[in-house]
Amino acid sequence: MEKLYKFLKYTFIILWTVFIVAPFLWAISTSFKDFQSVNSKVTYIPWLDFEPTLEGWRVLVKSPARGGVDIVEPYFNSLFVTCTASLISIVLGTLAAYALSRFTFKAGFVRNNDITFFFISQRIMPPIVLSIPFFIFLSTIGLLDSLIGLVVVYIVLLMPIAVWIMVDFFNRVPKELDETALIDGCNPYQAFYKVVLPNSIPGLIVAGMFCIIFGWIDFFFAFILTFTEVQLLPVKVVALNSSITPWWSLSASALISVAPLIIVAFVVERYLSKGNLSGALK
Amino acid sequence: MAKIDLSNISHTYNPKDLEPTYALNPFSMTWENGKRYAILGPSGCGKTTMLNIVSGLIKPTQGRILFDNEDVTNQKTETRNISQVFQFPVIYNTMSVYDNLAFPLKCRDFEKNKIEERVQSVSETLNLSSFLNMPARKLTADQKQLISLGRGLVREDVAAVLMDEPLTVIDPDLKFRLRRNLKEINEEYKTTLVYVTHDQNEAMTFADNIIVMDQGEIVQVGLPKDLFERPKTTFVGYFIGSPAMNLFETQLHTDNSVKINDTTIKTNTNLSKLKNNNIKLGIRSEFVKVAKDESENLVEVNIQKIEDFGNFKLLTTRMGQLTIKSKINREIEIANDKVKLHFPPEKCCVYQNNKLI
């Protein structure tokens, strides 16, 4: 019985791994193919089935003037916008979440839960509803088609995620921890950053991970709020497509687009496996 | 270390309501420097509220708190120099045991040498010396609770250490040792200790003075012996002691005796000024004995149950509708179903409207 269970378990794990890894292997293989190797017949293994070429990768870094598409600049734009917006969202969101978790707010019929819901409701709204206000807002303050404008918009998109996760996390940190810090002689600010915050690192990591993922993959606002000055990676990748689909460079760009998220996943995985995040993730 | 005066303190959690409900009714009390106090009472009677008021986590709705005659009512927790240990261990997970113990001193800008000296001294008292460099989160629940305690004791000049049922998570065996430890610490450092519990044995063995609370009211403050022998209310009689005090509805008979059914019981209390209304007689089961050659204060009862607890026997008897419990020496053999019990007059307490006369 035990052996059967083990057998089934490992069979499942192997099948699942193949299911997850196969598209990546396919993309890696395709990124080294040329037009002939993709369109003539199905080929799998480099050197055996087809002659590998770096053309799919070269196109991505060559300037348009030399026949390339240059995704290097959009790549760094995306990194800058995502990291900056995530960082600011985490800082502001954590402060807001701590306040919502520890203090009681009253304004008319509005209570803490209503304020928390207000934050979350920003994510419930379909993005299209926000596109026109954002467009008008950014054009009014002259930040349309700029990195700063995008950062501002992304903070609006990402902060609700940070608040949502961190409120839940702080609610699980016992109030006695703050009280003990006060008794030990901290003022409320010291209690927050010396005691509560170090205990909340798992929550911050989860919130950070979600902010980075949602910031990095956003296409909609990157598409609507930028034109020629600034481009973000998702928009540029989509723009690679033409009448003859360049599968090789699309595969290459897909691989380098997903790379930062894979790195984030590996970093966070260490915390996940420790069980440190169970509280934060629920 | 300080003398703590609570002057006319009361607290409600809903002060804006038309008829606020009081978690703590107005009271005044003084905690003398260097003594051990236990606050005893059932859950929800206001024990924790009282501690939180002293530590400054709650501001009382009314009244003043004085540490050594200095008014601290409006001072914040962090400036009061008080220590509080909660029911469940609260430790700083990200720090080592040493840093946990040193934290209150670091927050108060003590010198490094002084911090090291105090942490060493406290960790030795609490048997934590060998764990100082370990991450605090890796310790067991009772060791963690020792850390919480240590953070309180590490400050020599702390006004008082308030403990809110601190031994709940600790093994019975270790509990006993820790209580003794706390007593030693109190005797050595003369730290005022205030200990909240709902366990009477814990309170009795730990404290010089016990404060019994019920429904936001302080019902009795006194030595363990007073609480046991002369409970001021029927609640104290019922709450303290196991089994609870025997209490009977009675009628006044003469100036110093009452009647239970048809039996006359003499007491040492002057009952001449009482009205015959809601009178109760109370006597501890420890003082109810099987009669030998006594001629009065005898009650004839039917034995219902005899339980042998090893060190004593507990008789459960009936007299009509009344149940009387008696703790007797386990060597005494009871031959009959019927037996005569003796109520010593000096141990009989008379209550009117549940208050001791």
# chains A, B, ... in the order shown; residues from 1 in each chain; ligands from 1
>>> closest_atom_pairs(of="chain B", to="chain A", cutoff="6 Å", atoms="only C-alpha atoms", output="CSV")
residue,atom,partner,partner_atom,distance
B:Thr77,CA,A:Ile183,CA,5.7
B:Glu78,CA,A:Gly185,CA,4.2
B:Ser83,CA,A:Ile183,CA,5.9
B:Pro104,CA,A:Asp184,CA,4.4
B:Cys107,CA,A:Gly185,CA,5.5
>>> residues_around(residues="range 150-155 of chain A", least_positions_apart="5", cutoff="9 Å", atoms="only C-alpha atoms", output="PyMOL selection string")
chain A and resi 80-82+84-89+134+138+143-145+160+215+221-222+225-226
>>> write_last_selection(atoms="N, CA and C atoms", output="PDB file, in the first residue's frame")
ATOM      1  N   PHE A  80      12.289  49.580 -13.467  1.00  0.00           N
ATOM      2  CA  PHE A  80      12.253  50.798 -12.656  1.00  0.00           C
ATOM      3  C   PHE A  80      10.848  51.061 -12.138  1.00  0.00           C
ATOM      4  N   VAL A  81       9.856  51.013 -13.055  1.00  0.00           N
ATOM      5  CA  VAL A  81       8.474  51.346 -12.672  1.00  0.00           C
ATOM      6  C   VAL A  81       7.968  50.334 -11.635  1.00  0.00           C
ATOM      7  N   THR A  82       8.195  49.045 -11.894  1.00  0.00           N
ATOM      8  CA  THR A  82       7.687  48.009 -10.987  1.00  0.00           C
ATOM      9  C   THR A  82       8.329  48.111  -9.607  1.00  0.00           C
ATOM     10  N   THR A  84      10.030  50.655  -8.167  1.00  0.00           N
ATOM     11  CA  THR A  84       9.738  51.899  -7.457  1.00  0.00           C
ATOM     12  C   THR A  84       8.306  51.882  -6.923  1.00  0.00           C
ATOM     13  N   ALA A  85       7.367  51.528  -7.808  1.00  0.00           N
ATOM     14  CA  ALA A  85       5.964  51.542  -7.391  1.00  0.00           C
ATOM     15  C   ALA A  85       5.718  50.514  -6.282  1.00  0.00           C
ATOM     16  N   SER A  86       6.349  49.340  -6.405  1.00  0.00           N
ATOM     17  CA  SER A  86       6.160  48.306  -5.376  1.00  0.00           C
ATOM     18  C   SER A  86       6.704  48.797  -4.037  1.00  0.00           C
ATOM     19  N   LEU A  87       7.901  49.367  -4.072  1.00  0.00           N
ATOM     20  CA  LEU A  87       8.536  49.824  -2.836  1.00  0.00           C
ATOM     21  C   LEU A  87       7.677  50.879  -2.139  1.00  0.00           C
ATOM     22  N   ILE A  88       7.242  51.884  -2.929  1.00  0.00           N
ATOM     23  CA  ILE A  88       6.433  52.953  -2.322  1.00  0.00           C
ATOM     24  C   ILE A  88       5.102  52.376  -1.820  1.00  0.00           C
ATOM     25  N   SER A  89       4.510  51.461  -2.610  1.00  0.00           N
ATOM     26  CA  SER A  89       3.234  50.861  -2.196  1.00  0.00           C
ATOM     27  C   SER A  89       3.392  50.099  -0.893  1.00  0.00           C
ATOM     28  N   PHE A 134      -7.540  58.272 -15.398  1.00  0.00           N
ATOM     29  CA  PHE A 134      -6.083  58.265 -15.310  1.00  0.00           C
ATOM     30  C   PHE A 134      -5.468  59.057 -16.466  1.00  0.00           C
ATOM     31  N   LEU A 138      -3.237  62.298 -15.792  1.00  0.00           N
ATOM     32  CA  LEU A 138      -1.824  62.386 -16.158  1.00  0.00           C
ATOM     33  C   LEU A 138      -1.570  63.477 -17.191  1.00  0.00           C
ATOM     34  N   LEU A 143       2.189  64.412 -17.043  1.00  0.00           N
ATOM     35  CA  LEU A 143       3.016  63.226 -16.824  1.00  0.00           C
ATOM     36  C   LEU A 143       2.629  62.062 -17.739  1.00  0.00           C
ATOM     37  N   LEU A 144       1.819  62.348 -18.731  1.00  0.00           N
ATOM     38  CA  LEU A 144       1.475  61.297 -19.692  1.00  0.00           C
ATOM     39  C   LEU A 144       2.734  60.882 -20.446  1.00  0.00           C
ATOM     40  N   ASP A 145       2.837  59.576 -20.742  1.00  0.00           N
ATOM     41  CA  ASP A 145       3.980  59.074 -21.489  1.00  0.00           C
ATOM     42  C   ASP A 145       5.300  59.342 -20.763  1.00  0.00           C
ATOM     43  N   PRO A 160      -3.419  48.894  -2.835  1.00  0.00           N
ATOM     44  CA  PRO A 160      -4.496  48.091  -2.239  1.00  0.00           C
ATOM     45  C   PRO A 160      -4.056  46.668  -1.919  1.00  0.00           C
ATOM     46  N   GLY A 215       2.660  44.387 -10.885  1.00  0.00           N
ATOM     47  CA  GLY A 215       3.258  45.534 -11.562  1.00  0.00           C
ATOM     48  C   GLY A 215       3.945  45.102 -12.858  1.00  0.00           C
ATOM     49  N   PHE A 221      -2.523  49.427 -18.579  1.00  0.00           N
ATOM     50  CA  PHE A 221      -2.199  50.836 -18.345  1.00  0.00           C
ATOM     51  C   PHE A 221      -0.906  51.233 -19.051  1.00  0.00           C
ATOM     52  N   ALA A 222       0.025  50.270 -19.138  1.00  0.00           N
ATOM     53  CA  ALA A 222       1.262  50.551 -19.858  1.00  0.00           C
ATOM     54  C   ALA A 222       0.938  50.890 -21.315  1.00  0.00           C
ATOM     55  N   LEU A 225      -1.294  54.537 -21.342  1.00  0.00           N
ATOM     56  CA  LEU A 225      -0.720  55.782 -20.835  1.00  0.00           C
ATOM     57  C   LEU A 225       0.664  56.099 -21.413  1.00  0.00           C
ATOM     58  N   THR A 226       1.123  55.293 -22.374  1.00  0.00           N
ATOM     59  CA  THR A 226       2.426  55.594 -22.989  1.00  0.00           C
ATOM     60  C   THR A 226       2.278  55.599 -24.522  1.00  0.00           C
TER      61      THR A 226
END
>>> closest_residue(among="B:Ile265, B:Ile260, B:Ile357, B:Ile65", to="Gly320 in chain B", atoms="only C-alpha atoms")
B:Ile260
>>> residues_around(residues="Asn261 in chain B", least_positions_apart="5", cutoff="9 Å", atoms="only C-alpha atoms", output="ChimeraX atom specification")
/B:250-251,319-320
>>> write_last_selection(atoms="N, CA and C atoms", output="PDB file, in the first residue's frame")
ATOM      1  N   THR B 250     -31.056  30.555  56.779  1.00  0.00           N
ATOM      2  CA  THR B 250     -31.409  30.309  58.190  1.00  0.00           C
ATOM      3  C   THR B 250     -32.386  31.363  58.691  1.00  0.00           C
ATOM      4  N   GLN B 251     -32.930  31.097  59.859  1.00  0.00           N
ATOM      5  CA  GLN B 251     -33.770  32.066  60.560  1.00  0.00           C
ATOM      6  C   GLN B 251     -33.033  32.479  61.827  1.00  0.00           C
ATOM      7  N   MET B 319     -29.187  17.071  55.116  1.00  0.00           N
ATOM      8  CA  MET B 319     -30.095  17.283  56.225  1.00  0.00           C
ATOM      9  C   MET B 319     -31.359  17.859  55.589  1.00  0.00           C
ATOM     10  N   GLY B 320     -32.355  17.037  55.403  1.00  0.00           N
ATOM     11  CA  GLY B 320     -33.532  17.459  54.651  1.00  0.00           C
ATOM     12  C   GLY B 320     -33.122  17.815  53.242  1.00  0.00           C
TER      13      GLY B 320
END
>>> select_by_dssp(residues="range 57-214 of chain B", states="alpha helix (DSSP H)", output="PyMOL selection string")
chain B and resi 97-107+112-125+141-153+172-189+200-206
>>> select_by_dssp(residues="range 27-250 of chain B", states="strand (DSSP E)", output="PyMOL selection string")
chain B and resi 27-31+36-40+62-67+70-71+83-85+161-164+193-197+209-214+217-222+246-250
>>> write_last_selection(atoms="C-alpha atoms", output="CSV table (one decimal), in the first residue's frame")
chain,number,residue,atom,x,y,z
B,27,PHE,CA,-12.3,51.8,44.4
B,28,SER,CA,-9.2,53.0,46.2
B,29,MET,CA,-6.3,50.9,47.2
B,30,THR,CA,-2.6,51.1,48.1
B,31,TRP,CA,0.0,48.6,47.0
B,36,ARG,CA,3.3,40.4,46.8
B,37,TYR,CA,-0.3,40.9,45.8
B,38,ALA,CA,-2.6,38.5,44.1
B,39,ILE,CA,-5.8,39.6,42.3
B,40,LEU,CA,-8.2,36.7,42.3
B,62,GLN,CA,-12.1,58.3,36.6
B,63,GLY,CA,-9.6,58.5,39.4
B,64,ARG,CA,-5.9,58.9,39.9
B,65,ILE,CA,-2.8,56.6,40.0
B,66,LEU,CA,0.1,57.6,42.1
B,67,PHE,CA,3.6,56.0,42.1
B,70,GLU,CA,3.6,61.2,42.0
B,71,ASP,CA,0.5,61.4,39.9
B,83,SER,CA,6.5,45.8,33.7
B,84,GLN,CA,3.7,43.6,32.7
B,85,VAL,CA,3.8,39.9,31.8
B,161,VAL,CA,5.9,43.7,37.9
B,162,LEU,CA,2.3,43.0,36.9
B,163,MET,CA,1.6,39.5,35.9
B,164,ASP,CA,-1.6,38.5,34.1
B,193,LEU,CA,4.7,41.9,42.4
B,194,VAL,CA,1.1,41.8,41.4
B,195,TYR,CA,-0.2,38.5,40.2
B,196,VAL,CA,-3.6,38.1,38.5
B,197,THR,CA,-5.0,34.6,38.6
B,209,ASN,CA,-2.3,40.0,50.3
B,210,ILE,CA,-5.1,38.8,48.2
B,211,ILE,CA,-7.6,41.0,46.4
B,212,VAL,CA,-10.8,39.2,45.5
B,213,MET,CA,-12.9,40.7,42.7
B,214,ASP,CA,-16.3,40.0,41.4
B,217,GLU,CA,-16.1,45.1,42.4
B,218,ILE,CA,-13.3,44.5,45.0
B,219,VAL,CA,-15.1,42.3,47.5
B,220,GLN,CA,-12.3,41.6,49.9
B,221,VAL,CA,-8.7,42.4,50.5
B,222,GLY,CA,-6.8,40.4,53.0
B,246,ASN,CA,-21.3,25.4,53.2
B,247,LEU,CA,-24.0,28.1,53.1
B,248,PHE,CA,-27.5,27.7,54.4
B,249,GLU,CA,-30.6,29.8,54.5
B,250,THR,CA,-31.4,30.3,58.2
